[in-house]
Amino acid sequence: MRGMAFLGMALVQGAVLAGCIPPPIERASDRGPQVSLPAGYDQLPPDQPPPPVAAAPATSQAMPGAPARPVWEARPVTPDAQDVAAQDYVVQPGDTLRAIANKTGAGSEAIARANGLVAPFIIKPGQLLKIPAGRYHLVRAGETGIAIARAYGVPWRQVVADNALEEPFILRAGQRVLIPRTTPQSPAERADALMVDIEDIVTGGEPAVASTAPPAAPTTSPARVLPPETSVTTPARFAGGWGWPVTGTVVRRFGPGASGERNDGIKIAVPLQTPVLASADGVVAYSGNSVAGLGGLVMLKHGDGWSSFYGHVGQVLVQRGQSVKRGQTIALSGDSGFADRPELHFELRKGRAPVDPLSQLPRR
C-alpha cells in the first residue's frame, strides 16, 4: 500500500504555464484520496508496462496551455527495444564502434565495456569483438531516462547501474541503452518501480541531445517557456558562495532521523508564503510536484556537478530552463507533499551524492 500511495502522489503533476505563474500546489491538508490500481494489474507479464493509473484529483486545476505530462515525459517513449543475442563480430574496414552498434543492435557503450575498450575506442580490421546479449532501446531526441524506464516498467536507477551511466547523465539521440529484464513483481513492487525520486530527476530528467540540435540557451524570464523536449545549457562552473534560501528554524537536520529514516537535506520551518530564494546562481532544471513526499519542488543546477532542491513549496515562480541569480525569489513556501508543518526542504547534491547543507551555508 505504501508503494501505491507514493504512485498516486507521483502522478499528480505540477502545472507548467506559458506566460503566467502556476497555481498553488496541493497542500498536505488538502490531499485527496489515494488511487487504486486497475483490475488485472498484478496479472501482467513482467516485461509489459502497467496500464495508466488515474491520479487522485488535485486541488488546483491546470490552466489552459499547461502540458498534459511532466517535462521529463513530454516526449512519449515507445517500448520497442530490440533483443540482441550474444555473438562474435569481426571488425570490417571502415567500421566504427557506432557503426557496429547499428549493425548488431547492441549499445556501443556496452560493446566497449564487454571488450575492455576505452576512449578514444580504437578498433582495427580483423579484430574480434564480443557483442553482449541484451534488450536495447534506441534513444530518440527529446526522450528522457525517466520516461524510457517507465515505458518498460523498470526503475531508472537500475537502468543507470546496468549501463554504467555517469555524470552528466545526458542521453544522446541514437544511443542504445540496455533495458533490464524484470522478474514477476507484486502490484506494490511494480508501483514502486514507477515512483520518481530526486535521484531520478538528477540522473534521468533531461531530454536526450540530438546532434543536429545543440542545447538551448537558458531564458531569464518565466514568461518565455522553452519546449519541454529541448535540452537546456546549464552552468559549467559553480560561481561559488551559497546563501540561505529562507530565514527560519532548522527543525530537521541532515542524516538519519530518530526512527532510522534518512533525510538528504534539512527542513526549515517558515510561515506560509515566505519567499524562497535561489541559494546560488544557476538554471532551473525541474519545477513541479512529481516527487512523492516533497510536493512542490524546484531544482537548480549550478555547475561543477552542484545542484540544489527546494521542496514542500506552495507556489513555483520559475520555469524549467530559466536562469536565476543568488537571492532571486523562485517560489513561495508551503506545506505541500508530506510536510509536517509549513516548511522548506532544502537539499544540496554534488553529482548524485547528498551533501549536508549546513556544511556549505554561511553560519548565522
# chains A, B, ... in the order shown; residues from 1 in each chain; ligands from 1
call {"tool": "residues_around", "arguments": {"residues": "A:Gln175", "least_positions_apart": "2", "cutoff": "9 Å", "atoms": "only C-alpha atoms", "output": "JSON, numbers by chain"}}
result
{"A": [98, 107, 108, 109, 137, 138, 139, 140, 171, 172, 173, 177]}
call {"tool": "select_by_dssp", "arguments": {"residues": "stretch 193-320 of chain A", "states": "helix (DSSP H, G or I)", "output": "VMD selection string"}}
result
chain A and resid 193 198 to 204
call {"tool": "closest_residue", "arguments": {"among": "A:Leu194, A:Ala114, A:Leu272, A:Ala119", "to": "A:Ser290", "atoms": "only C-alpha atoms"}}
result
A:Leu194
call {"tool": "closest_atom_pairs", "arguments": {"of": "stretch 152-269 of chain A", "to": "stretch 333-352 of chain A", "cutoff": "6 Å", "atoms": "only C-alpha atoms", "output": "CSV"}}
result
residue,atom,partner,partner_atom,distance
A:Gly265,CA,A:Glu347,CA,4.1
A:Ile266,CA,A:Phe346,CA,5.4
A:Lys267,CA,A:His345,CA,4.6
A:Ile268,CA,A:Leu344,CA,5.1
A:Ala269,CA,A:Glu343,CA,4.2
call {"tool": "closest_atom_pairs", "arguments": {"of": "stretch 242-349 of chain A", "to": "stretch 203-207 of chain A", "cutoff": "12 Å", "atoms": "only C-alpha atoms", "output": "JSON lines"}}
result
{"residue": "A:Val284", "atom": "CA", "partner": "A:Glu206", "partner_atom": "CA", "distance": 11.5}
{"residue": "A:Ala285", "atom": "CA", "partner": "A:Glu206", "partner_atom": "CA", "distance": 7.9}
{"residue": "A:Tyr286", "atom": "CA", "partner": "A:Gly205", "partner_atom": "CA", "distance": 7.9}
{"residue": "A:Ser287", "atom": "CA", "partner": "A:Gly205", "partner_atom": "CA", "distance": 11.1}
{"residue": "A:Ser290", "atom": "CA", "partner": "A:Gly205", "partner_atom": "CA", "distance": 11.3}
{"residue": "A:Val291", "atom": "CA", "partner": "A:Gly205", "partner_atom": "CA", "distance": 11.8}
{"residue": "A:Met299", "atom": "CA", "partner": "A:Gly205", "partner_atom": "CA", "distance": 10.8}
{"residue": "A:Lys301", "atom": "CA", "partner": "A:Glu206", "partner_atom": "CA", "distance": 11.7}
{"residue": "A:Gly305", "atom": "CA", "partner": "A:Thr203", "partner_atom": "CA", "distance": 11.3}
{"residue": "A:Ser307", "atom": "CA", "partner": "A:Thr203", "partner_atom": "CA", "distance": 11.5}
{"residue": "A:Arg320", "atom": "CA", "partner": "A:Glu206", "partner_atom": "CA", "distance": 10.5}
{"residue": "A:Gly321", "atom": "CA", "partner": "A:Glu206", "partner_atom": "CA", "distance": 10.8}
{"residue": "A:Arg349", "atom": "CA", "partner": "A:Thr203", "partner_atom": "CA", "distance": 11.7}
call {"tool": "write_last_selection", "arguments": {"atoms": "N, CA and C atoms", "output": "mmCIF file, in the first residue's frame"}}
result
data_model
loop_
_atom_site.group_PDB
_atom_site.id
_atom_site.type_symbol
_atom_site.label_atom_id
_atom_site.label_comp_id
_atom_site.auth_asym_id
_atom_site.auth_seq_id
_atom_site.Cartn_x
_atom_site.Cartn_y
_atom_site.Cartn_z
ATOM 1 N N VAL A 284 17.193 26.622 -13.751
ATOM 2 C CA VAL A 284 16.131 25.732 -13.288
ATOM 3 C C VAL A 284 16.124 24.478 -14.157
ATOM 4 N N ALA A 285 16.358 23.335 -13.527
ATOM 5 C CA ALA A 285 16.351 22.062 -14.249
ATOM 6 C C ALA A 285 15.039 21.317 -14.079
ATOM 7 N N TYR A 286 14.270 21.665 -13.054
ATOM 8 C CA TYR A 286 12.983 20.999 -12.807
ATOM 9 C C TYR A 286 12.130 21.899 -11.946
ATOM 10 N N SER A 287 10.822 21.936 -12.254
ATOM 11 C CA SER A 287 9.842 22.565 -11.370
ATOM 12 C C SER A 287 8.538 21.811 -11.537
ATOM 13 N N SER A 290 6.204 16.111 -9.042
ATOM 14 C CA SER A 290 6.207 14.696 -9.389
ATOM 15 C C SER A 290 6.934 13.819 -8.386
ATOM 16 N N VAL A 291 7.683 14.403 -7.454
ATOM 17 C CA VAL A 291 8.462 13.613 -6.498
ATOM 18 C C VAL A 291 7.617 13.350 -5.259
ATOM 19 N N MET A 299 14.335 22.458 -8.753
ATOM 20 C CA MET A 299 15.731 22.012 -8.776
ATOM 21 C C MET A 299 16.532 22.996 -9.615
ATOM 22 N N LYS A 301 20.493 23.780 -11.207
ATOM 23 C CA LYS A 301 21.837 23.287 -11.485
ATOM 24 C C LYS A 301 22.791 24.480 -11.458
ATOM 25 N N GLY A 305 28.847 20.031 -11.109
ATOM 26 C CA GLY A 305 28.106 18.923 -10.511
ATOM 27 C C GLY A 305 27.182 19.306 -9.380
ATOM 28 N N SER A 307 23.932 20.828 -7.479
ATOM 29 C CA SER A 307 22.510 21.124 -7.688
ATOM 30 C C SER A 307 21.861 21.372 -6.333
ATOM 31 N N ARG A 320 11.305 25.664 -15.972
ATOM 32 C CA ARG A 320 12.484 24.912 -16.412
ATOM 33 C C ARG A 320 13.192 25.690 -17.529
ATOM 34 N N GLY A 321 14.533 25.738 -17.433
ATOM 35 C CA GLY A 321 15.315 26.441 -18.431
ATOM 36 C C GLY A 321 15.529 27.906 -18.130
ATOM 37 N N ARG A 349 23.292 18.670 -3.611
ATOM 38 C CA ARG A 349 23.949 17.455 -4.097
ATOM 39 C C ARG A 349 25.161 17.836 -4.926
#
call {"tool": "residues_around", "arguments": {"residues": "stretch 325-328 of chain A", "least_positions_apart": "2", "cutoff": "9 Å", "atoms": "only C-alpha atoms", "output": "PyMOL selection string"}}
result
chain A and resi 241-245+276-283+323+330
call {"tool": "closest_residue", "arguments": {"among": "A:Gln319, A:Leu178, A:Pro125, A:Ala112", "to": "A:Ser221", "atoms": "only C-alpha atoms"}}
result
A:Gln319
call {"tool": "closest_residue", "arguments": {"among": "A:Gly174, A:Gly126, A:Pro228, A:Gly314", "to": "A:Gln273", "atoms": "only C-alpha atoms"}}
result
A:Gly314
call {"tool": "closest_residue", "arguments": {"among": "A:Ala292, A:Val77, A:Ala86, A:Ala101", "to": "A:Gly153", "atoms": "only C-alpha atoms"}}
result
A:Val77
call {"tool": "select_by_dssp", "arguments": {"residues": "stretch 78-315 of chain A", "states": "strand (DSSP E)", "output": "CSV table (one decimal) with N, CA, C and O atoms, in the first residue's frame"}}
result
chain,number,residue,atom,x,y,z
A,82,GLN,N,15.1,-3.8,-29.0
A,82,GLN,CA,15.5,-4.9,-29.8
A,82,GLN,C,16.3,-6.0,-29.0
A,82,GLN,O,17.2,-5.6,-28.2
A,83,ASP,N,15.9,-7.2,-29.1
A,83,ASP,CA,16.6,-8.3,-28.4
A,83,ASP,C,17.8,-8.7,-29.2
A,83,ASP,O,17.7,-9.0,-30.4
A,84,VAL,N,18.9,-8.7,-28.6
A,84,VAL,CA,20.2,-9.0,-29.3
A,84,VAL,C,20.8,-10.2,-28.6
A,84,VAL,O,20.9,-10.3,-27.4
A,87,GLN,N,27.1,-12.7,-29.5
A,87,GLN,CA,27.7,-13.1,-30.7
A,87,GLN,C,29.1,-12.5,-30.8
A,87,GLN,O,29.5,-11.6,-30.1
A,88,ASP,N,29.8,-13.1,-31.8
A,88,ASP,CA,31.2,-12.5,-32.1
A,88,ASP,C,31.0,-11.7,-33.4
A,88,ASP,O,30.3,-12.0,-34.3
A,89,TYR,N,31.8,-10.6,-33.4
A,89,TYR,CA,31.8,-9.8,-34.6
A,89,TYR,C,33.3,-9.5,-35.0
A,89,TYR,O,34.1,-9.1,-34.2
A,90,VAL,N,33.5,-9.7,-36.3
A,90,VAL,CA,34.9,-9.3,-36.8
A,90,VAL,C,34.8,-8.0,-37.5
A,90,VAL,O,34.0,-7.7,-38.3
A,128,LEU,N,38.4,-9.2,-33.3
A,128,LEU,CA,37.3,-9.9,-32.9
A,128,LEU,C,36.6,-9.2,-31.7
A,128,LEU,O,37.3,-9.1,-30.6
A,129,LEU,N,35.4,-8.9,-31.8
A,129,LEU,CA,34.7,-8.2,-30.7
A,129,LEU,C,33.6,-9.1,-30.1
A,129,LEU,O,32.9,-9.8,-30.9
A,130,LYS,N,33.4,-9.1,-28.8
A,130,LYS,CA,32.2,-9.8,-28.2
A,130,LYS,C,31.0,-8.8,-28.2
A,130,LYS,O,31.2,-7.7,-27.7
A,131,ILE,N,29.9,-9.2,-28.7
A,131,ILE,CA,28.7,-8.4,-28.7
A,131,ILE,C,27.8,-8.9,-27.6
A,131,ILE,O,27.3,-10.1,-27.6
A,134,GLY,N,21.3,-8.8,-24.8
A,134,GLY,CA,20.5,-7.9,-24.0
A,134,GLY,C,19.4,-7.3,-24.8
A,134,GLY,O,19.2,-7.6,-26.0
A,135,ARG,N,18.6,-6.5,-24.1
A,135,ARG,CA,17.4,-5.8,-24.7
A,135,ARG,C,17.8,-4.4,-24.7
A,135,ARG,O,17.9,-3.7,-23.7
A,136,TYR,N,17.9,-3.8,-26.0
A,136,TYR,CA,18.4,-2.5,-26.2
A,136,TYR,C,17.4,-1.6,-26.7
A,136,TYR,O,16.7,-1.9,-27.7
A,137,HIS,N,17.2,-0.4,-26.1
A,137,HIS,CA,16.3,0.6,-26.5
A,137,HIS,C,17.1,1.7,-27.3
A,137,HIS,O,18.1,2.2,-26.8
A,138,LEU,N,16.6,2.1,-28.5
A,138,LEU,CA,17.2,3.1,-29.3
A,138,LEU,C,16.6,4.5,-28.8
A,138,LEU,O,15.4,4.7,-28.9
A,176,ARG,N,22.0,3.5,-27.7
A,176,ARG,CA,21.2,2.3,-27.3
A,176,ARG,C,21.5,2.0,-25.9
A,176,ARG,O,22.6,1.7,-25.5
A,177,VAL,N,20.4,2.0,-25.1
A,177,VAL,CA,20.6,1.7,-23.7
A,177,VAL,C,20.1,0.3,-23.4
A,177,VAL,O,19.0,-0.1,-23.9
A,178,LEU,N,20.7,-0.4,-22.5
A,178,LEU,CA,20.3,-1.7,-22.1
A,178,LEU,C,19.2,-1.6,-21.1
A,178,LEU,O,19.3,-0.9,-20.1
A,249,THR,N,13.7,28.4,11.3
A,249,THR,CA,14.3,27.5,12.3
A,249,THR,C,14.5,26.1,11.6
A,249,THR,O,13.6,25.6,11.0
A,250,VAL,N,15.7,25.6,11.7
A,250,VAL,CA,16.0,24.3,11.2
A,250,VAL,C,15.4,23.3,12.2
A,250,VAL,O,15.8,23.1,13.3
A,251,VAL,N,14.4,22.6,11.7
A,251,VAL,CA,13.6,21.7,12.5
A,251,VAL,C,14.0,20.2,12.3
A,251,VAL,O,13.6,19.3,13.0
A,252,ARG,N,14.8,20.0,11.2
A,252,ARG,CA,15.3,18.6,11.0
A,252,ARG,C,16.6,18.7,10.2
A,252,ARG,O,16.7,19.5,9.3
A,255,GLY,N,20.8,13.7,7.6
A,255,GLY,CA,21.2,12.4,8.1
A,255,GLY,C,20.1,11.6,8.6
A,255,GLY,O,18.9,11.9,8.5
A,256,PRO,N,20.4,10.5,9.4
A,256,PRO,CA,19.4,9.6,9.9
A,256,PRO,C,18.5,10.3,10.9
A,256,PRO,O,19.0,11.1,11.7
A,262,ARG,N,16.3,8.3,6.6
A,262,ARG,CA,17.4,9.2,6.3
A,262,ARG,C,16.8,10.5,5.6
A,262,ARG,O,15.9,10.4,4.8
A,263,ASN,N,17.3,11.6,6.0
A,263,ASN,CA,17.0,12.9,5.4
A,263,ASN,C,18.1,13.4,4.6
A,263,ASN,O,19.2,13.7,5.2
A,266,ILE,N,17.9,19.4,4.8
A,266,ILE,CA,17.4,20.0,6.0
A,266,ILE,C,16.0,20.5,5.8
A,266,ILE,O,15.6,20.9,4.7
A,267,LYS,N,15.2,20.5,6.9
A,267,LYS,CA,13.9,21.1,6.9
A,267,LYS,C,13.9,22.4,7.7
A,267,LYS,O,14.4,22.4,8.9
A,268,ILE,N,13.4,23.5,7.1
A,268,ILE,CA,13.4,24.8,7.7
A,268,ILE,C,12.0,25.3,7.9
A,268,ILE,O,11.3,25.4,6.9
A,269,ALA,N,11.5,25.5,9.1
A,269,ALA,CA,10.2,25.9,9.4
A,269,ALA,C,10.1,27.4,9.1
A,269,ALA,O,10.9,28.2,9.6
A,275,PRO,N,8.9,34.0,0.8
A,275,PRO,CA,9.7,33.9,-0.4
A,275,PRO,C,10.9,32.9,-0.2
A,275,PRO,O,11.6,33.0,0.8
A,276,VAL,N,11.0,32.0,-1.2
A,276,VAL,CA,12.1,31.1,-1.2
A,276,VAL,C,13.1,31.6,-2.2
A,276,VAL,O,12.8,31.8,-3.4
A,277,LEU,N,14.4,31.7,-1.8
A,277,LEU,CA,15.4,32.4,-2.6
A,277,LEU,C,16.4,31.3,-3.2
A,277,LEU,O,16.7,30.3,-2.5
A,282,GLY,N,22.2,29.9,-10.9
A,282,GLY,CA,22.0,28.6,-11.6
A,282,GLY,C,20.9,28.7,-12.6
A,282,GLY,O,20.4,29.7,-13.0
A,283,VAL,N,20.5,27.5,-13.1
A,283,VAL,CA,19.5,27.3,-14.1
A,283,VAL,C,18.5,26.3,-13.6
A,283,VAL,O,18.9,25.3,-13.0
A,284,VAL,N,17.2,26.6,-13.8
A,284,VAL,CA,16.1,25.7,-13.3
A,284,VAL,C,16.1,24.5,-14.2
A,284,VAL,O,15.9,24.5,-15.4
A,285,ALA,N,16.4,23.3,-13.5
A,285,ALA,CA,16.4,22.1,-14.2
A,285,ALA,C,15.0,21.3,-14.1
A,285,ALA,O,14.7,20.4,-14.9
A,286,TYR,N,14.3,21.7,-13.1
A,286,TYR,CA,13.0,21.0,-12.8
A,286,TYR,C,12.1,21.9,-11.9
A,286,TYR,O,12.6,22.5,-11.0
A,287,SER,N,10.8,21.9,-12.3
A,287,SER,CA,9.8,22.6,-11.4
A,287,SER,C,8.5,21.8,-11.5
A,287,SER,O,8.1,21.6,-12.7
A,288,GLY,N,7.9,21.4,-10.4
A,288,GLY,CA,6.7,20.6,-10.5
A,288,GLY,C,6.5,19.9,-9.2
A,288,GLY,O,7.0,20.3,-8.1
A,296,GLY,N,5.5,20.5,-4.0
A,296,GLY,CA,6.1,21.4,-4.9
A,296,GLY,C,7.6,21.5,-4.8
A,296,GLY,O,8.1,21.6,-3.7
A,297,LEU,N,8.3,21.3,-5.9
A,297,LEU,CA,9.8,21.2,-5.9
A,297,LEU,C,10.4,22.0,-7.0
A,297,LEU,O,9.9,21.9,-8.2
A,298,VAL,N,11.5,22.6,-6.7
A,298,VAL,CA,12.3,23.3,-7.7
A,298,VAL,C,13.7,22.8,-7.6
A,298,VAL,O,14.2,22.6,-6.5
A,299,MET,N,14.3,22.5,-8.8
A,299,MET,CA,15.7,22.0,-8.8
A,299,MET,C,16.5,23.0,-9.6
A,299,MET,O,16.1,23.4,-10.7
A,300,LEU,N,17.7,23.4,-9.1
A,300,LEU,CA,18.6,24.3,-9.8
A,300,LEU,C,19.9,23.6,-10.0
A,300,LEU,O,20.4,22.9,-9.2
A,301,LYS,N,20.5,23.8,-11.2
A,301,LYS,CA,21.8,23.3,-11.5
A,301,LYS,C,22.8,24.5,-11.5
A,301,LYS,O,22.5,25.5,-12.0
A,302,HIS,N,24.0,24.3,-10.8
A,302,HIS,CA,24.9,25.4,-10.6
A,302,HIS,C,26.2,25.2,-11.2
A,302,HIS,O,27.1,26.1,-11.1
A,303,GLY,N,26.5,24.1,-11.8
A,303,GLY,CA,27.9,23.9,-12.4
A,303,GLY,C,28.7,23.1,-11.5
A,303,GLY,O,28.5,23.0,-10.3
A,306,TRP,N,27.1,20.6,-9.0
A,306,TRP,CA,26.3,21.0,-7.9
A,306,TRP,C,24.9,21.3,-8.3
A,306,TRP,O,24.6,21.8,-9.4
A,307,SER,N,23.9,20.8,-7.5
A,307,SER,CA,22.5,21.1,-7.7
A,307,SER,C,21.9,21.4,-6.3
A,307,SER,O,22.3,20.9,-5.3
A,308,SER,N,20.8,22.2,-6.3
A,308,SER,CA,20.1,22.4,-5.1
A,308,SER,C,18.6,22.2,-5.3
A,308,SER,O,18.1,22.3,-6.4
A,309,PHE,N,17.9,21.8,-4.2
A,309,PHE,CA,16.5,21.4,-4.3
A,309,PHE,C,15.7,22.2,-3.2
A,309,PHE,O,16.2,22.3,-2.1
A,310,TYR,N,14.5,22.6,-3.6
A,310,TYR,CA,13.6,23.4,-2.7
A,310,TYR,C,12.2,22.7,-2.7
A,310,TYR,O,11.5,22.8,-3.7
A,311,GLY,N,11.9,22.0,-1.6
A,311,GLY,CA,10.7,21.2,-1.6
A,311,GLY,C,9.7,21.7,-0.6
A,311,GLY,O,9.9,22.5,0.2
A,312,HIS,N,8.4,21.1,-0.8
A,312,HIS,CA,7.2,21.5,0.0
A,312,HIS,C,6.7,22.9,-0.3
A,312,HIS,O,5.9,23.4,0.5
A,313,VAL,N,7.2,23.5,-1.4
A,313,VAL,CA,6.7,24.8,-1.7
A,313,VAL,C,5.3,24.8,-2.1
A,313,VAL,O,4.7,23.9,-2.6
A,314,GLY,N,4.6,26.0,-1.9
A,314,GLY,CA,3.2,26.1,-2.2
A,314,GLY,C,3.0,26.7,-3.6
A,314,GLY,O,1.9,26.5,-4.2
A,315,GLN,N,4.0,27.5,-4.1
A,315,GLN,CA,3.8,28.1,-5.4
A,315,GLN,C,5.2,28.3,-6.1
A,315,GLN,O,6.1,28.8,-5.4
call {"tool": "closest_residue", "arguments": {"among": "A:Glu199, A:Glu73, A:Glu143, A:Asp162", "to": "A:Ala110", "atoms": "only C-alpha atoms"}}
result
A:Asp162
call {"tool": "closest_residue", "arguments": {"among": "A:Ala81, A:Ile123, A:Ala210, A:Val196", "to": "A:Gly94", "atoms": "only C-alpha atoms"}}
result
A:Ile123
